[in-house]
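Here is input_34.cif, consisting of mmCIF, C-alpha atoms:
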```cif
data_structure
loop_
_atom_site.label_atom_id
_atom_site.label_comp_id
_atom_site.auth_asym_id
_atom_site.auth_seq_id
_atom_site.Cartn_x
_atom_site.Cartn_y
_atom_site.Cartn_z
CA MET E 1 33.08 -29.02 -24.80
CA ILE E 2 31.92 -30.49 -21.53
CA LYS E 3 33.95 -27.95 -19.54
CA GLU E 4 32.63 -25.01 -21.54
CA ALA E 5 28.99 -25.75 -20.78
CA PRO E 6 29.13 -24.57 -17.12
CA ARG E 7 30.77 -21.31 -18.17
CA GLU E 8 28.05 -20.72 -20.75
CA ASN E 9 25.37 -21.47 -18.19
CA ARG E 10 27.03 -19.16 -15.68
CA ALA E 11 27.24 -16.37 -18.25
CA ALA E 12 23.60 -16.89 -19.19
CA ARG E 13 22.58 -16.69 -15.52
CA TYR E 14 24.51 -13.45 -15.10
CA LEU E 15 22.89 -11.96 -18.19
CA VAL E 16 19.43 -12.90 -16.93
CA SER E 17 19.81 -12.01 -13.25
CA GLY E 18 22.36 -9.21 -13.59
CA PRO E 19 20.12 -6.36 -14.83
CA PRO E 20 17.36 -6.93 -12.21
CA LEU E 21 20.00 -7.21 -9.48
CA LEU E 22 21.68 -4.00 -10.65
CA PHE E 23 18.28 -2.27 -10.71
CA LEU E 24 17.57 -3.31 -7.12
CA VAL E 25 21.00 -2.19 -5.93
CA VAL E 26 20.81 1.22 -7.64
CA PHE E 27 17.17 2.06 -6.92
CA PHE E 28 16.53 0.25 -3.63
CA VAL E 29 19.66 -0.72 -1.72
CA ALA E 30 21.61 2.48 -2.40
CA PRO E 31 18.71 4.87 -1.50
CA THR E 32 18.01 2.84 1.63
CA LEU E 33 21.63 3.12 2.75
CA ILE E 34 21.53 6.86 2.07
CA MET E 35 18.38 7.18 4.18
CA ILE E 36 19.98 5.21 7.03
CA LEU E 37 23.05 7.42 7.02
CA THR E 38 20.91 10.55 6.77
CA SER E 39 18.84 9.51 9.79
CA PHE E 40 22.01 9.60 11.92
CA ARG E 41 23.03 13.09 10.78
CA PHE E 42 22.39 16.47 12.37
CA PRO E 43 19.91 18.81 10.65
CA GLY E 44 21.42 21.88 9.04
CA GLU E 45 20.94 25.36 10.42
CA PHE E 46 18.66 26.30 7.51
CA GLY E 47 17.33 22.83 6.77
CA GLY E 48 18.88 19.89 5.03
CA LEU E 49 21.91 18.28 6.62
CA ALA E 50 24.76 19.55 8.73
CA PRO E 51 28.27 18.66 7.52
CA ILE E 52 29.76 15.39 8.67
CA ALA E 53 33.11 16.96 9.52
CA ALA E 54 33.62 20.33 11.17
CA PRO E 55 34.42 23.05 8.62
CA ALA E 56 37.85 24.62 8.98
CA GLU E 57 36.43 28.11 9.56
CA LYS E 58 33.88 26.98 12.15
CA ILE E 59 34.89 25.75 15.59
CA SER E 60 31.50 25.20 17.25
CA GLY E 61 28.33 23.66 15.86
CA GLU E 62 26.68 20.30 15.36
CA TYR E 63 28.32 17.95 12.92
CA GLY E 64 29.04 14.25 12.57
CA PHE E 65 26.60 11.46 13.44
CA THR E 66 24.00 11.21 16.19
CA PRO E 67 21.00 8.99 17.14
CA GLU E 68 19.08 12.14 18.07
CA ALA E 69 16.34 11.59 15.46
CA TYR E 70 15.49 8.13 16.84
CA GLN E 71 15.64 9.39 20.43
CA PHE E 72 13.18 12.13 19.50
CA PHE E 73 10.90 9.59 17.81
CA PHE E 74 10.76 7.26 20.81
CA SER E 75 10.45 10.12 23.32
CA ASP E 76 6.99 11.22 22.15
CA VAL E 77 3.98 8.89 22.11
CA LEU E 78 2.37 11.10 19.43
CA TYR E 79 4.37 9.41 16.70
CA ALA E 80 3.32 5.96 17.87
CA LYS E 81 -0.31 7.11 17.69
CA ILE E 82 0.21 8.39 14.14
CA PHE E 83 1.75 5.05 13.19
CA LEU E 84 -1.17 3.13 14.70
CA LYS E 85 -3.67 5.41 13.00
CA SER E 86 -1.92 4.94 9.65
CA PHE E 87 -1.95 1.17 10.06
CA GLY E 88 -5.64 1.31 10.99
CA VAL E 89 -6.49 3.30 7.86
CA ALA E 90 -4.39 0.92 5.73
CA LEU E 91 -6.07 -2.14 7.27
CA ALA E 92 -9.57 -0.69 6.84
CA THR E 93 -8.82 0.27 3.23
CA THR E 94 -7.50 -3.21 2.49
CA LEU E 95 -10.54 -4.95 4.00
CA ILE E 96 -13.02 -2.69 2.18
CA CYS E 97 -11.17 -3.16 -1.10
CA LEU E 98 -11.20 -6.94 -0.61
CA ILE E 99 -14.93 -7.00 0.14
CA MET E 100 -15.70 -4.85 -2.90
CA ALA E 101 -13.16 -6.39 -5.28
CA TYR E 102 -13.75 -10.10 -4.71
CA PRO E 103 -17.31 -10.31 -6.12
CA LEU E 104 -16.34 -8.13 -9.09
CA ALA E 105 -13.20 -10.16 -9.83
CA LEU E 106 -15.23 -13.38 -9.55
CA LEU E 107 -17.84 -11.96 -11.92
CA ILE E 108 -15.18 -11.03 -14.47
CA ALA E 109 -13.46 -14.41 -14.19
CA ARG E 110 -16.72 -16.32 -14.74
CA SER E 111 -17.98 -14.12 -17.57
CA GLU E 112 -17.70 -15.09 -21.21
CA LYS E 113 -14.23 -14.58 -22.66
CA ARG E 114 -15.43 -11.98 -25.15
CA PHE E 115 -16.55 -9.71 -22.29
CA ARG E 116 -13.56 -10.19 -19.97
CA ASN E 117 -11.17 -7.84 -21.76
CA LEU E 118 -13.78 -5.09 -21.82
CA MET E 119 -14.52 -5.48 -18.11
CA VAL E 120 -10.80 -5.45 -17.24
CA LEU E 121 -10.43 -2.33 -19.37
CA LEU E 122 -13.19 -0.63 -17.38
CA VAL E 123 -11.35 -1.52 -14.16
CA VAL E 124 -8.09 0.11 -15.29
CA LEU E 125 -9.77 2.98 -17.17
CA PRO E 126 -9.46 5.45 -14.23
CA PHE E 127 -5.67 5.25 -14.60
CA ALA E 128 -6.07 7.07 -17.93
CA SER E 129 -6.87 10.30 -16.08
CA ASN E 130 -4.67 12.31 -13.75
CA PHE E 131 -4.54 11.14 -10.13
CA LEU E 132 -5.05 14.61 -8.63
CA ILE E 133 -7.99 15.36 -10.93
CA ARG E 134 -9.74 12.22 -9.69
CA ILE E 135 -9.12 13.15 -6.06
CA TYR E 136 -10.34 16.72 -6.59
CA ALA E 137 -13.47 15.25 -8.19
CA TRP E 138 -14.20 13.60 -4.84
CA MET E 139 -13.96 17.04 -3.21
CA ILE E 140 -16.92 18.06 -5.37
CA ILE E 141 -18.83 14.84 -4.67
CA LEU E 142 -18.32 15.07 -0.90
CA GLY E 143 -18.64 18.86 -0.67
CA PRO E 144 -21.27 20.36 1.66
CA GLU E 145 -23.41 21.56 -1.25
CA SER E 146 -23.23 18.38 -3.31
CA ALA E 147 -26.25 16.20 -4.03
CA PHE E 148 -24.59 13.27 -2.25
CA SER E 149 -24.09 15.27 0.95
CA HIS E 150 -27.70 16.50 0.85
CA PHE E 151 -28.90 12.93 0.34
CA VAL E 152 -26.86 11.58 3.27
CA ASN E 153 -27.92 14.39 5.60
CA ALA E 154 -31.56 13.96 4.56
CA ILE E 155 -31.39 10.30 5.61
CA LEU E 156 -29.71 11.24 8.89
CA GLY E 157 -32.35 13.92 9.50
CA ALA E 158 -35.11 11.36 9.01
CA PHE E 159 -33.67 9.43 11.95
CA GLY E 160 -33.29 12.57 14.04
CA LEU E 161 -29.53 12.81 13.66
CA ALA E 162 -27.59 16.01 13.15
CA PRO E 163 -26.13 16.73 9.69
CA VAL E 164 -22.50 15.75 9.12
CA THR E 165 -19.68 17.17 7.04
CA LEU E 166 -18.35 14.50 4.70
CA LEU E 167 -15.45 16.47 3.27
CA PHE E 168 -12.28 17.00 5.33
CA SER E 169 -13.05 14.02 7.54
CA PRO E 170 -11.74 10.49 8.16
CA PHE E 171 -14.65 9.23 6.04
CA ALA E 172 -13.45 11.25 3.05
CA VAL E 173 -9.89 9.95 3.49
CA LEU E 174 -11.12 6.35 3.60
CA VAL E 175 -13.30 6.86 0.51
CA GLY E 176 -10.38 8.36 -1.39
CA MET E 177 -8.04 5.57 -0.35
CA VAL E 178 -10.48 2.86 -1.42
CA TYR E 179 -11.21 4.60 -4.72
CA VAL E 180 -7.52 4.94 -5.61
CA HIS E 181 -6.42 1.44 -4.63
CA LEU E 182 -9.44 -0.70 -5.55
CA PRO E 183 -8.08 -1.68 -9.02
CA PHE E 184 -4.90 -2.98 -7.36
CA MET E 185 -7.04 -5.48 -5.49
CA ILE E 186 -9.27 -6.44 -8.41
CA LEU E 187 -6.53 -7.30 -10.90
CA PRO E 188 -4.57 -9.86 -8.79
CA LEU E 189 -7.83 -11.49 -7.71
CA TYR E 190 -9.06 -11.72 -11.30
CA THR E 191 -5.73 -13.14 -12.48
CA ASN E 192 -5.96 -15.85 -9.82
CA LEU E 193 -9.67 -16.65 -10.18
CA GLU E 194 -9.41 -16.93 -13.94
CA LYS E 195 -7.01 -19.88 -13.59
CA HIS E 196 -9.30 -21.98 -11.38
CA ASP E 197 -10.36 -25.34 -12.74
CA ALA E 198 -14.15 -25.30 -13.07
CA SER E 199 -14.24 -29.10 -12.84
CA LEU E 200 -13.38 -28.83 -9.13
CA LEU E 201 -16.62 -26.96 -8.50
CA ASP E 202 -18.54 -29.50 -10.56
CA ALA E 203 -17.01 -32.33 -8.54
CA ALA E 204 -17.93 -30.59 -5.28
CA GLN E 205 -21.48 -30.13 -6.52
CA ASP E 206 -21.71 -33.80 -7.48
CA LEU E 207 -20.65 -34.65 -3.93
CA GLY E 208 -23.58 -32.65 -2.57
CA ALA E 209 -21.83 -29.40 -1.61
CA THR E 210 -23.98 -26.28 -1.50
CA ALA E 211 -23.04 -23.05 -3.27
CA TRP E 212 -21.58 -21.62 -0.05
CA GLN E 213 -19.64 -24.81 0.66
CA ARG E 214 -18.23 -24.82 -2.88
CA PHE E 215 -17.05 -21.28 -2.43
CA TRP E 216 -15.63 -21.69 1.07
CA ARG E 217 -14.00 -25.12 0.53
CA VAL E 218 -12.83 -24.73 -3.10
CA THR E 219 -12.84 -21.18 -4.48
CA TRP E 220 -11.65 -19.29 -1.40
CA PRO E 221 -8.61 -21.48 -0.56
CA LEU E 222 -7.48 -21.47 -4.19
CA SER E 223 -7.82 -17.67 -4.34
CA LEU E 224 -5.69 -16.98 -1.25
CA PRO E 225 -2.53 -16.20 -3.29
CA GLY E 226 -4.51 -13.52 -5.13
CA VAL E 227 -5.93 -12.23 -1.85
CA PHE E 228 -2.47 -11.89 -0.31
CA SER E 229 -1.03 -10.27 -3.44
CA GLY E 230 -3.86 -7.77 -3.70
CA SER E 231 -3.72 -7.01 0.01
CA ALA E 232 0.00 -6.26 -0.22
CA LEU E 233 -0.53 -4.02 -3.26
CA VAL E 234 -3.14 -2.04 -1.32
CA PHE E 235 -1.86 -2.08 2.27
CA ILE E 236 1.72 -0.96 1.62
CA PRO E 237 0.99 2.01 -0.70
CA VAL E 238 -1.76 3.27 1.62
CA LEU E 239 0.75 3.50 4.48
CA GLY E 240 2.89 5.95 2.55
CA MET E 241 0.08 7.89 0.85
CA PHE E 242 0.02 11.60 1.67
CA ALA E 243 -1.88 13.22 -1.23
CA VAL E 244 -5.31 11.83 -0.30
CA PRO E 245 -5.16 12.88 3.39
CA ASP E 246 -3.78 16.28 2.35
CA ILE E 247 -6.65 16.95 -0.07
CA LEU E 248 -9.63 15.14 1.48
CA GLY E 249 -8.65 15.00 5.15
CA GLY E 250 -8.82 17.63 7.84
CA THR E 251 -6.16 18.95 10.16
CA GLY E 252 -6.61 15.97 12.47
CA ASP E 253 -6.23 13.37 9.72
CA ILE E 254 -2.46 13.45 9.42
CA LEU E 255 -0.93 10.05 8.63
CA ILE E 256 2.66 8.87 8.64
CA GLY E 257 3.03 9.72 4.94
CA ASN E 258 2.00 13.32 5.61
CA LEU E 259 4.41 13.53 8.54
CA ILE E 260 7.34 12.30 6.45
CA LYS E 261 6.46 14.67 3.63
CA ASP E 262 6.29 17.62 6.03
CA GLN E 263 9.70 16.78 7.49
CA PHE E 264 11.34 16.89 4.06
CA LEU E 265 9.39 19.71 2.41
CA GLY E 266 8.02 21.73 5.36
CA THR E 267 10.33 21.84 8.35
CA ARG E 268 13.25 20.49 6.25
CA ASP E 269 14.36 18.21 9.07
CA TRP E 270 15.85 15.56 6.81
CA PRO E 271 17.35 13.36 9.55
CA PHE E 272 14.03 13.01 11.36
CA GLY E 273 12.18 12.44 8.08
CA SER E 274 14.70 9.72 7.22
CA ALA E 275 14.28 8.16 10.65
CA LEU E 276 10.50 8.09 10.17
CA SER E 277 10.97 6.47 6.76
CA ILE E 278 13.26 3.80 8.21
CA MET E 279 10.82 3.08 11.03
CA LEU E 280 7.98 2.80 8.51
CA THR E 281 10.04 0.42 6.38
CA LEU E 282 10.81 -1.76 9.41
CA ALA E 283 7.13 -1.77 10.39
CA VAL E 284 6.07 -2.79 6.88
CA LEU E 285 8.68 -5.57 6.78
CA SER E 286 7.46 -6.82 10.16
CA VAL E 287 3.85 -6.89 8.99
CA ALA E 288 4.89 -8.62 5.76
CA GLY E 289 6.82 -11.23 7.75
CA LEU E 290 3.85 -11.88 10.03
CA ALA E 291 1.51 -12.13 7.04
CA THR E 292 3.86 -14.60 5.33
CA TRP E 293 4.07 -16.70 8.49
CA PHE E 294 0.29 -16.64 8.86
CA ALA E 295 -0.21 -17.62 5.19
CA ARG E 296 2.20 -20.54 5.50
CA SER E 297 0.59 -21.66 8.74
CA ALA E 298 -2.87 -21.52 7.19
CA THR E 299 -1.67 -23.44 4.14
CA GLY E 300 0.00 -26.06 6.34
CA GLN E 301 -3.14 -26.56 8.40
CA ARG E 302 -5.21 -27.09 5.25
CA ALA E 303 -2.65 -29.57 3.93
#
```
Could you write out this file's structure as structure tokens?
Amino acid sequence: MIKEAPRENRAARYLVSGPPLLFLVVFFVAPTLIMILTSFRFPGEFGGLAPIAAPAEKISGEYGFTPEAYQFFFSDVLYAKIFLKSFGVALATTLICLIMAYPLALLIARSEKRFRNLMVLLVVLPFASNFLIRIYAWMIILGPESAFSHFVNAILGAFGLAPVTLLFSPFAVLVGMVYVHLPFMILPLYTNLEKHDASLLDAAQDLGATAWQRFWRVTWPLSLPGVFSGSALVFIPVLGMFAVPDILGGTGDILIGNLIKDQFLGTRDWPFGSALSIMLTLAVLSVAGLATWFARSATGQRA
């Protein structure tokens, strides 16, 4: 009986960890390997991929593997600028979402329990409608004949400034990004803030701490896991988003997500689109690694 216990434990571990591991292999590892191999292929004559081996009836032509897609990427500074612009939009969206979401999440967490579920429901309620319908609604709100545009231009005119076009601009892209991803920042923050021990704030108050000191020395450090989780849930999806820039942005507001989408669906240059996807993945992993190192360093300094 003593020898059977390890086997049972091993079988139980396999049953628990096996399905998630299989899911990751099938839906993450395998597609990533396919993208890596595709990035080293030649594009086909009419789009897609050229054959790996030379067809029997064709003597000349491009086939096999090549680093041409990566050479093309590093040969033009335009792609580096698009990457930097995409990271700038993602960073700005994350910061705005954090500034807007933190007070709301704190309000929900400190409200009476009977109101919390209703307030959380209102946060996730936009997900009940179609994503594109919500984005097209912002086209109406930011349109040149909308009441909001007239209001903004009236304020600008009062200060002697020329009227501006809100739609098809970087401003419209940023508004759409914040609107779409704001709930993904609120929910992790609320989940974290709800678990805080209120007695810690009472103890800080008894020791003479002001409201700001209680927040900065108690609430903020304890909420950092929620801040990092929400930031990741906002920052990473924004980098790959292409629908919002396509609908609300102008011709000069192309981001890396739009560029990748155009390579697969427009020019049908699958190797270059795969190379862009791999470079984006490496960039995201690098940022995630730096953020993890920074979070651990900050936590160690506080300890």
Choose the residue, out of E:Lys195, E:Arg13, E:Arg296, E:Arg268, that has the smallest atom-to-atom separation from Glu45 (chain E); count all atoms listed in the file. E:Arg268
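Around region 255-259 of chain E, within 9 Å and counting all atoms listed in the file, the residues found are Tyr79, Ile82, Phe83, Lys85, Ser86, Val89, Val238, Leu239, Gly240, Met241, Phe242, Ala243, Pro245, Asp246, Asp253, Lys261, Asp262, Gln263, Phe264, Gly273, Leu276, Ser277 and Leu280 of chain E, once anything fewer than 2 positions away on its own chain is removed.
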Quick check, in Å to one decimal: how far apart do CA of Met119 (chain E) and CA of Leu233 (chain E) lie? 20.5 Å
Could you state the separation of CA of Ile278 (chain E) and CA of Thr32 (chain E) in Å, given to one decimal place?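 Answer for the CA of Ile278 (chain E) to CA of Thr32 (chain E) separation: 8.2 Å.
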Would you mind listing what lies within 8 Å of region 164-181 of chain E as number ranges by chain, with only C-alpha atoms counted and same-chain residues fewer than 2 positions away left out? E: 89, 92-94, 96-97, 135, 138-139, 142-144, 149, 153, 162, 183-185, 234, 238, 244-245, 247-250, 253
For CA of Pro163 (chain E) and CA of His150 (chain E), determine how far apart the two atoms are, in Å to one decimal place. 9.0 Å
Selected residue of minimal separation from Trp216 (chain E) among E:Ser17, E:Gly44, E:Phe27, E:Ala204, counting all atoms listed in the file: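 Ranking E:Ser17, E:Gly44, E:Phe27, E:Ala204 by distance to Trp216 (chain E), first place goes to E:Ala204.
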